[in-house]
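*Asks:* Pasting a structure below so you can have a look.
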Amino acid sequence: MDETAPVVMELHNVSKTFGEVQALRDVNFHVRQGEIVGLLGDNGSGKSTMVKMMMGYHQPDPGGEVRFDDEPVRGWSVAKARSLGIETVYQERALADLQSVWRNMFMGREPVNRFGLLDTRRMRREAAALMKGHMGFTSGAVHPDNVVQTMSGGEKQGVAITRALHFHARLVLLDEPTMGLSLSETQKTLDFVRSIKEAGHSAVLIDHNINHVYPVVDRLVVLDRGSIAGEFSPSEITLDELTDRLRTVARTGQMEE
Amino acid sequence: MAKTDIPPSVDEHPAVDAVPRISARLFLRRHALTTGTVVIAILMWTIFVTAAPDVFLSSSIYNAFATTTPLWGMMALALTFVVITREMDLSFVSVMALGMVGFTRVFDWTGNVFLAILACLIVGLACGCFNGFLVAILGIPSLVITLGTMFFFRGIEMVLLDGSGVALTGDEFTGLRNALNGQTAGIPNEMVWMVVIGVVLWLVLNRTRFGAHLFVVGDNADSARMMGVRVARVKIAAFGTLGVVAAFSGLVASMQSSYLWPTLGEGSLLLPIAAVFLGGTSVFGGIGTVFGSFLGALMVGSIQAGVISAGMDGFYTQLFFGMVIIISLVLQTLISRRMRH
């Protein structure tokens, strides 16, 4: 990985407390342009909180800072994050099941015409083109008017991924994107992650399965109990060594015994 | 200027991008709920015509129907918004009356009918937003808290009016009364207003961002939040819309009777709710149409008028009512279940 590529996003001394639970503790983290960072950690290690922090869903506790393009961001919110080009493919897929594909694809940022009215024709047309071009749906059975509820897990994931793709995200956050997917659907999702890098954009990938993460990432960050326990490049460490270290972390909270 | 300066026209939307056409069968399937409601409405009307042709083929019953149904039917249209966001409102019947207190007070102070109308609608908006605040910001279940505000708003109104009504017979109101309760091309204006409100609300629901957000908020509030939709704001606006329409209904009803009854709205709580559900709007949120609620209101209204006019005993109203509601809801459930598979 090019260590001189500009940093797209940075978390600086970020902590997050919910009541008495400190979910994140002084986290320092960055993603460079064209870099895929894998985030590993046990349940409750703070991975999801970190992703939600990066997508604007959570604000850092006072003292912490979210930086984008080397500038601290003010008024951190989902809308703000999306306007900066951050898109999330979420583990629960963040879809509205009873709504059509096109409504889901444009949820939260629906295009309007000059009268402030929804441009439904454009949304349906673009959704149809995206479904054909990126999701590989060619049959007439899958129509942009179809309700998401009627689709398979992989198809739903396709909608969520295509949504991120459509808005030319500079940073894509993927939270457990392969959960519940078949082998071929998983492969498709990982190919999508690689295509982000090829397009010169960045991604943060969370996955329980290190076999999925290891081959696609440039850098691995291990979280434990809300703090960063270590960082590796896949070139420095074999998959077996990584598995051993993760077991050690889970047991002792330390990277090395 | 030389013609060559003009760039050749480019087909901006090549056929590749075209949305695949849907077959008539798919279209019907997609609109199965609305289609079902239309069928039931036509069936009901046929029964009425067969049972009492003299009554149902003359215009007088439709005239009576068109002056009374909108008084609560307009609220059914706006209630659709609230129900789509997976909430409920029971307080709009009290908002009808409280808005009119605003109207009479401001009219007494200023003598200006226009300002009085404005005050009426603002009171409605404020009541609706107050409901929305309690539900969306404080997170209190809407069914419970709007039961509270129903009594609360009614209480404020009773106290302010000292329990007695206000006559609205002054000449200043003639223009307003013509606009609200006159006729346009032979159609009672009450119905005209209901149609106008229906068209506006349809446009808002189907052709604005706010409308799109109503659906996703009711469908899956967490997903909506993840996608940057301001869930609380959307819900408050839904309640606010209902508040404004309720206050307007109160104005139409009071002008019709030339009197502000302190009990205005009492007894018309369940009709709009029944109309919304008859129209296919889901109690689980995320699904609903303004057109469905409009049809639902016509159905509920015609049962009321129809049973009596058909020469049946008034007692049959409720029996008929219950039957239609149960049959419609059973059909809706069956249709939705089929659509899922």
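Ordering of the structure tokens sets the chain letters (A, B, ...); residue numbers start at 1 within each chain; ligands are numbered from 1 in the order shown.
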Could you give me, as a tab-separated table, a per-residue list for range 225-316 of chain B showing, wherever an atom lies at most 12 Å from an atom of range 58-82 of chain A, the closest pair of atoms and their distance in Å to one decimal, using only C-alpha atoms and sorting by chain then residue number from low to high?

*Replies:*
residue	atom	partner	partner_atom	distance
B:Arg225	CA	A:Val78	CA	7.9
B:Met226	CA	A:Val78	CA	6.8
B:Met227	CA	A:Val78	CA	6.7
B:Gly228	CA	A:Val78	CA	4.7
B:Val229	CA	A:Ala79	CA	7.7
B:Arg230	CA	A:Ala79	CA	9.0

*Asks:* Which residues come within 9 Å of Gly153 in chain A, counting only C-alpha atoms, excluding same-chain residues fewer than 4 positions away, as a list in words?

*Replies:*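 Near Gly153 in chain A, the qualifying residues are Gln157, Gly158, Gly180, Leu181, Ser182 and Glu185 of chain A.
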
*Asks:* I need the residues from that last selection saved to file as a PDB file, in the first residue's frame (with N, CA and C atoms), if you can.

*Replies:*
ATOM      1  N   GLN A 157     -28.761  -7.711  -0.797  1.00  0.00           N
ATOM      2  CA  GLN A 157     -27.408  -7.199  -0.630  1.00  0.00           C
ATOM      3  C   GLN A 157     -27.000  -6.424  -1.873  1.00  0.00           C
ATOM      4  N   GLY A 158     -27.412  -6.956  -3.030  1.00  0.00           N
ATOM      5  CA  GLY A 158     -27.127  -6.273  -4.292  1.00  0.00           C
ATOM      6  C   GLY A 158     -27.706  -4.874  -4.311  1.00  0.00           C
ATOM      7  N   GLY A 180     -24.992 -14.268   6.088  1.00  0.00           N
ATOM      8  CA  GLY A 180     -26.200 -14.896   5.556  1.00  0.00           C
ATOM      9  C   GLY A 180     -26.220 -15.050   4.049  1.00  0.00           C
ATOM     10  N   LEU A 181     -25.068 -14.863   3.392  1.00  0.00           N
ATOM     11  CA  LEU A 181     -25.050 -14.984   1.938  1.00  0.00           C
ATOM     12  C   LEU A 181     -24.502 -16.351   1.524  1.00  0.00           C
ATOM     13  N   SER A 182     -24.904 -16.778   0.342  1.00  0.00           N
ATOM     14  CA  SER A 182     -24.392 -18.036  -0.197  1.00  0.00           C
ATOM     15  C   SER A 182     -22.941 -17.822  -0.645  1.00  0.00           C
ATOM     16  N   GLU A 185     -22.662 -15.591  -3.692  1.00  0.00           N
ATOM     17  CA  GLU A 185     -23.022 -14.210  -3.344  1.00  0.00           C
ATOM     18  C   GLU A 185     -21.897 -13.555  -2.548  1.00  0.00           C
TER      19      GLU A 185
END

*Asks:* Which residue is closest to chain B? Choose from A:Glu231, A:Asp240, A:Glu126, A:Asp26 and count only C-alpha atoms.

*Replies:* A:Glu126

*Asks:* Pull the closest atom pair for each residue of chain A that gets at most 9 Å from chain B, along with the distance in Å to one decimal, counting only C-alpha atoms, ordering rows by chain and then ascending residue number, as a Markdown table.

*Replies:*
| residue | atom | partner | partner_atom | distance |
| --- | --- | --- | --- | --- |
| A:Lys52 | CA | B:Met226 | CA | 8.7 |
| A:Met55 | CA | B:Met226 | CA | 8.3 |
| A:Gly56 | CA | B:Gly228 | CA | 8.7 |
| A:Tyr57 | CA | B:Met226 | CA | 6.8 |
| A:Ser77 | CA | B:Gly228 | CA | 7.6 |
| A:Val78 | CA | B:Gly228 | CA | 4.7 |
| A:Ala79 | CA | B:Gly228 | CA | 4.8 |
| A:Lys80 | CA | B:Gly228 | CA | 8.4 |
| A:Ala81 | CA | B:Gly228 | CA | 8.9 |
| A:Arg82 | CA | B:Gly228 | CA | 7.9 |
| A:Glu87 | CA | B:Met227 | CA | 8.8 |
| A:Thr88 | CA | B:Met226 | CA | 8.4 |
| A:Tyr90 | CA | B:Met226 | CA | 8.6 |
| A:Glu92 | CA | B:Ser223 | CA | 8.3 |
| A:Arg93 | CA | B:Ser223 | CA | 7.9 |
| A:Ala94 | CA | B:Ser223 | CA | 4.2 |
| A:Leu95 | CA | B:Ser223 | CA | 5.7 |
| A:Ala96 | CA | B:Asn220 | CA | 5.4 |
| A:Asp97 | CA | B:Asp219 | CA | 6.9 |
| A:Leu98 | CA | B:Asp219 | CA | 6.4 |
| A:Gln99 | CA | B:Val216 | CA | 7.3 |
| A:Arg103 | CA | B:Ala212 | CA | 7.6 |
| A:Asn104 | CA | B:Val216 | CA | 8.4 |
| A:Met107 | CA | B:Met227 | CA | 6.4 |
| A:Gly108 | CA | B:Val229 | CA | 5.1 |
| A:Arg109 | CA | B:Gly228 | CA | 8.1 |
| A:Glu110 | CA | B:Arg209 | CA | 6.4 |
| A:Pro111 | CA | B:Arg209 | CA | 8.3 |
| A:Val112 | CA | B:Thr208 | CA | 7.7 |
| A:Gly116 | CA | B:Thr208 | CA | 6.9 |
| A:Leu117 | CA | B:Thr208 | CA | 5.0 |
| A:Leu118 | CA | B:Arg207 | CA | 4.7 |
| A:Asp119 | CA | B:Arg207 | CA | 7.6 |
| A:Thr120 | CA | B:Arg207 | CA | 7.5 |
| A:Arg121 | CA | B:Val19 | CA | 8.8 |
| A:Arg124 | CA | B:Val19 | CA | 6.5 |
| A:Arg125 | CA | B:Val19 | CA | 5.2 |
| A:Glu126 | CA | B:Asp17 | CA | 7.0 |
| A:Ala127 | CA | B:Val19 | CA | 8.3 |
| A:Ala128 | CA | B:Val19 | CA | 5.6 |
| A:Ala129 | CA | B:Asp17 | CA | 5.2 |
| A:Leu130 | CA | B:Asp17 | CA | 8.9 |
| A:Gly140 | CA | B:Pro20 | CA | 6.8 |
| A:His143 | CA | B:Pro20 | CA | 6.9 |
| A:Pro144 | CA | B:Val19 | CA | 7.6 |
| A:Asp145 | CA | B:Arg30 | CA | 8.8 |
| A:Asn146 | CA | B:Arg30 | CA | 8.6 |
| A:Gln149 | CA | B:Arg340 | CA | 7.4 |
| A:Thr150 | CA | B:Arg340 | CA | 6.2 |

*Asks:* Enumerate, as a PyMOL selection string, the complete set of residues in range 96-176 of chain B that a backbone-based DSSP assignment places in alpha helix (DSSP H).

*Replies:* chain B and resi 96-110+113-132+142-161+174-176

*Asks:* Go ahead and write the selection's residues with C-alpha atoms as an mmCIF file, in the first residue's frame.

*Replies:*
data_model
loop_
_atom_site.group_PDB
_atom_site.id
_atom_site.type_symbol
_atom_site.label_atom_id
_atom_site.label_comp_id
_atom_site.auth_asym_id
_atom_site.auth_seq_id
_atom_site.Cartn_x
_atom_site.Cartn_y
_atom_site.Cartn_z
ATOM 1 C CA MET B 96 -61.330 20.387 15.340
ATOM 2 C CA ALA B 97 -62.924 22.284 18.202
ATOM 3 C CA LEU B 98 -59.788 23.881 19.646
ATOM 4 C CA GLY B 99 -58.903 25.367 16.262
ATOM 5 C CA MET B 100 -62.328 27.017 16.209
ATOM 6 C CA VAL B 101 -61.637 28.599 19.580
ATOM 7 C CA GLY B 102 -58.625 30.216 17.933
ATOM 8 C CA PHE B 103 -60.888 31.342 15.104
ATOM 9 C CA THR B 104 -63.552 32.963 17.308
ATOM 10 C CA ARG B 105 -61.000 34.584 19.661
ATOM 11 C CA VAL B 106 -58.963 36.171 16.899
ATOM 12 C CA PHE B 107 -62.127 37.254 15.123
ATOM 13 C CA ASP B 108 -63.340 38.949 18.312
ATOM 14 C CA TRP B 109 -60.023 40.763 18.714
ATOM 15 C CA THR B 110 -59.413 41.835 15.143
ATOM 16 C CA VAL B 113 -62.012 36.798 9.000
ATOM 17 C CA PHE B 114 -58.764 36.076 7.181
ATOM 18 C CA LEU B 115 -56.682 36.385 10.345
ATOM 19 C CA ALA B 116 -59.231 34.234 12.153
ATOM 20 C CA ILE B 117 -58.864 31.455 9.569
ATOM 21 C CA LEU B 118 -55.103 31.708 9.867
ATOM 22 C CA ALA B 119 -55.322 31.434 13.660
ATOM 23 C CA CYS B 120 -57.568 28.392 13.350
ATOM 24 C CA LEU B 121 -55.061 26.577 11.119
ATOM 25 C CA ILE B 122 -52.085 27.616 13.262
ATOM 26 C CA VAL B 123 -53.754 26.246 16.390
ATOM 27 C CA GLY B 124 -54.311 22.990 14.488
ATOM 28 C CA LEU B 125 -50.683 22.902 13.394
ATOM 29 C CA ALA B 126 -49.463 23.595 16.920
ATOM 30 C CA CYS B 127 -51.643 20.816 18.388
ATOM 31 C CA GLY B 128 -50.405 18.367 15.754
ATOM 32 C CA CYS B 129 -46.768 19.286 16.286
ATOM 33 C CA PHE B 130 -47.236 18.950 20.040
ATOM 34 C CA ASN B 131 -48.486 15.386 19.472
ATOM 35 C CA GLY B 132 -45.564 14.756 17.163
ATOM 36 C CA SER B 142 -48.849 7.496 20.085
ATOM 37 C CA LEU B 143 -52.007 5.519 20.859
ATOM 38 C CA VAL B 144 -51.535 6.269 24.560
ATOM 39 C CA ILE B 145 -50.326 9.849 24.455
ATOM 40 C CA THR B 146 -52.888 11.080 21.910
ATOM 41 C CA LEU B 147 -55.603 9.642 24.142
ATOM 42 C CA GLY B 148 -54.185 12.048 26.709
ATOM 43 C CA THR B 149 -54.006 15.006 24.346
ATOM 44 C CA MET B 150 -57.549 14.233 23.114
ATOM 45 C CA PHE B 151 -58.838 14.988 26.628
ATOM 46 C CA PHE B 152 -56.295 17.760 27.122
ATOM 47 C CA PHE B 153 -57.197 19.696 23.941
ATOM 48 C CA ARG B 154 -60.920 19.185 24.596
ATOM 49 C CA GLY B 155 -60.379 20.392 28.150
ATOM 50 C CA ILE B 156 -58.613 23.580 27.063
ATOM 51 C CA GLU B 157 -61.411 24.255 24.602
ATOM 52 C CA MET B 158 -64.151 23.662 27.201
ATOM 53 C CA VAL B 159 -62.434 25.944 29.706
ATOM 54 C CA LEU B 160 -61.865 28.709 27.150
ATOM 55 C CA LEU B 161 -65.443 28.518 25.900
ATOM 56 C CA THR B 174 -71.112 35.099 4.353
ATOM 57 C CA GLY B 175 -68.157 34.944 1.993
ATOM 58 C CA LEU B 176 -66.426 32.256 4.007
#

*Asks:* For CA of Asn181 in chain B and CA of Glu266 in chain B, quote the distance in Å rounded to one decimal.

*Replies:*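 Computed distance, CA of Asn181 in chain B to CA of Glu266 in chain B, equals 20.7 Å.
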
*Asks:* Pull the strand (DSSP E or B) assignments for range 22-190 of chain A out of DSSP run on the backbone, and list those residues as number ranges by chain.

*Replies:* A: 22-32, 36-40, 65-68, 71-72, 86-89, 100, 112, 118, 147, 171-175

*Asks:* Could you write out that same residue set with C-alpha atoms as a CSV table (one decimal), in the first residue's frame?

*Replies:*
chain,number,residue,atom,x,y,z
A,22,GLN,CA,-17.5,2.9,27.0
A,23,ALA,CA,-17.9,1.4,23.6
A,24,LEU,CA,-14.8,3.1,22.1
A,25,ARG,CA,-11.7,4.3,24.0
A,26,ASP,CA,-9.2,6.8,22.5
A,27,VAL,CA,-9.4,5.3,19.0
A,28,ASN,CA,-7.0,6.6,16.4
A,29,PHE,CA,-7.7,5.3,13.0
A,30,HIS,CA,-7.3,6.4,9.4
A,31,VAL,CA,-8.1,5.2,5.9
A,32,ARG,CA,-6.0,6.3,2.9
A,36,ILE,CA,-9.1,-1.3,1.9
A,37,VAL,CA,-8.9,-1.6,5.7
A,38,GLY,CA,-10.2,-4.7,7.4
A,39,LEU,CA,-11.6,-4.3,10.9
A,40,LEU,CA,-11.5,-7.4,13.1
A,65,GLU,CA,-12.5,14.4,16.4
A,66,VAL,CA,-13.6,13.0,13.0
A,67,ARG,CA,-11.5,14.3,10.1
A,68,PHE,CA,-12.3,14.1,6.5
A,71,GLU,CA,-10.3,18.9,7.9
A,72,PRO,CA,-12.2,18.4,11.1
A,86,ILE,CA,-19.5,8.1,2.6
A,87,GLU,CA,-21.8,5.2,2.0
A,88,THR,CA,-22.6,2.2,4.2
A,89,VAL,CA,-23.5,-1.3,3.3
A,100,SER,CA,-39.8,-0.9,-4.0
A,112,VAL,CA,-36.2,16.2,-7.1
A,118,LEU,CA,-39.7,13.8,-6.8
A,147,VAL,CA,-40.9,-4.8,-3.3
A,171,LEU,CA,-15.4,5.7,1.2
A,172,VAL,CA,-17.6,2.6,1.5
A,173,LEU,CA,-18.2,1.1,4.9
A,174,LEU,CA,-19.2,-2.5,4.9
A,175,ASP,CA,-20.5,-3.9,8.1

*Asks:* Measuring between only C-alpha atoms, which one of B:Val330, B:Leu260, B:Ile187, B:Ile42 shows the shortest distance to Tyr62 in chain B?

*Replies:*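 Among B:Val330, B:Leu260, B:Ile187, B:Ile42, it is B:Ile187 that comes nearest to Tyr62 in chain B.
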
*Asks:* Compile the contact shell of Ser282 in chain B as a VMD selection string: residues with an atom at most 10 Å away, counting only C-alpha atoms, same-chain residues fewer than 4 positions apart removed.

*Replies:* chain B and resid 80 83 to 86 218 276 to 278 286 to 289 332 to 333

*Asks:* Filtering to N, CA and C atoms, could you give me those residues as an mmCIF file, in the first residue's frame?

*Replies:*
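Result went into out-v3.cif, see below:
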data_model
loop_
_atom_site.group_PDB
_atom_site.id
_atom_site.type_symbol
_atom_site.label_atom_id
_atom_site.label_comp_id
_atom_site.auth_asym_id
_atom_site.auth_seq_id
_atom_site.Cartn_x
_atom_site.Cartn_y
_atom_site.Cartn_z
ATOM 1 N N THR B 80 -54.048 9.251 7.135
ATOM 2 C CA THR B 80 -53.266 8.272 6.376
ATOM 3 C C THR B 80 -51.767 8.494 6.573
ATOM 4 N N VAL B 83 -50.723 7.175 9.970
ATOM 5 C CA VAL B 83 -50.769 5.718 10.059
ATOM 6 C C VAL B 83 -49.636 5.095 9.233
ATOM 7 N N ILE B 84 -49.292 5.713 8.108
ATOM 8 C CA ILE B 84 -48.187 5.184 7.294
ATOM 9 C C ILE B 84 -46.883 5.210 8.087
ATOM 10 N N THR B 85 -46.702 6.221 8.953
ATOM 11 C CA THR B 85 -45.483 6.252 9.771
ATOM 12 C C THR B 85 -45.580 5.320 10.975
ATOM 13 N N ARG B 86 -46.581 4.485 11.004
ATOM 14 C CA ARG B 86 -46.793 3.490 12.059
ATOM 15 C C ARG B 86 -47.207 4.134 13.378
ATOM 16 N N GLY B 218 -42.145 4.584 8.390
ATOM 17 C CA GLY B 218 -43.110 3.616 8.906
ATOM 18 C C GLY B 218 -42.674 2.189 8.656
ATOM 19 N N VAL B 276 -59.545 4.894 6.999
ATOM 20 C CA VAL B 276 -58.132 4.687 6.664
ATOM 21 C C VAL B 276 -57.827 3.193 6.518
ATOM 22 N N PHE B 277 -58.327 2.395 7.451
ATOM 23 C CA PHE B 277 -58.024 0.965 7.394
ATOM 24 C C PHE B 277 -58.788 0.277 6.271
ATOM 25 N N LEU B 278 -60.028 0.722 6.029
ATOM 26 C CA LEU B 278 -60.774 0.178 4.893
ATOM 27 C C LEU B 278 -60.038 0.443 3.594
ATOM 28 N N GLY B 286 -45.776 1.843 6.691
ATOM 29 C CA GLY B 286 -45.034 1.626 5.450
ATOM 30 C C GLY B 286 -45.881 1.420 4.216
ATOM 31 N N ILE B 287 -47.177 1.191 4.395
ATOM 32 C CA ILE B 287 -48.062 0.964 3.250
ATOM 33 C C ILE B 287 -49.310 1.815 3.423
ATOM 34 N N GLY B 288 -49.742 2.469 2.359
ATOM 35 C CA GLY B 288 -50.981 3.221 2.438
ATOM 36 C C GLY B 288 -51.140 4.150 1.258
ATOM 37 N N THR B 289 -52.386 4.475 0.944
ATOM 38 C CA THR B 289 -52.639 5.406 -0.146
ATOM 39 C C THR B 289 -53.706 6.410 0.283
ATOM 40 N N GLN B 332 -58.077 -7.952 2.680
ATOM 41 C CA GLN B 332 -56.769 -7.299 2.601
ATOM 42 C C GLN B 332 -55.656 -8.213 3.076
ATOM 43 N N THR B 333 -55.916 -8.906 4.193
ATOM 44 C CA THR B 333 -54.888 -9.792 4.734
ATOM 45 C C THR B 333 -54.575 -10.892 3.737
#

*Asks:* Can you list, as a PyMOL selection string, every protein, DNA or RNA residue that comes within 8 Å of Thr67 in chain B when you count only C-alpha atoms, leaving out same-chain residues fewer than 5 positions away?

*Replies:* chain B and resi 181+188-191

*Asks:* To one decimal place in Å, what is the distance between CA of Thr49 in chain A and CA of Ile161 in chain A?

*Replies:*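 Between CA of Thr49 in chain A and CA of Ile161 in chain A the gap works out to 20.5 Å.
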
*Asks:* Just want the 9 Å neighbourhood of Leu214 in chain B, counted on only C-alpha atoms, with same-chain residues fewer than 6 positions away dropped. Output as a PyMOL selection string.

*Replies:* chain B and resi 81-82+84-85+205+231+234-235+238+286
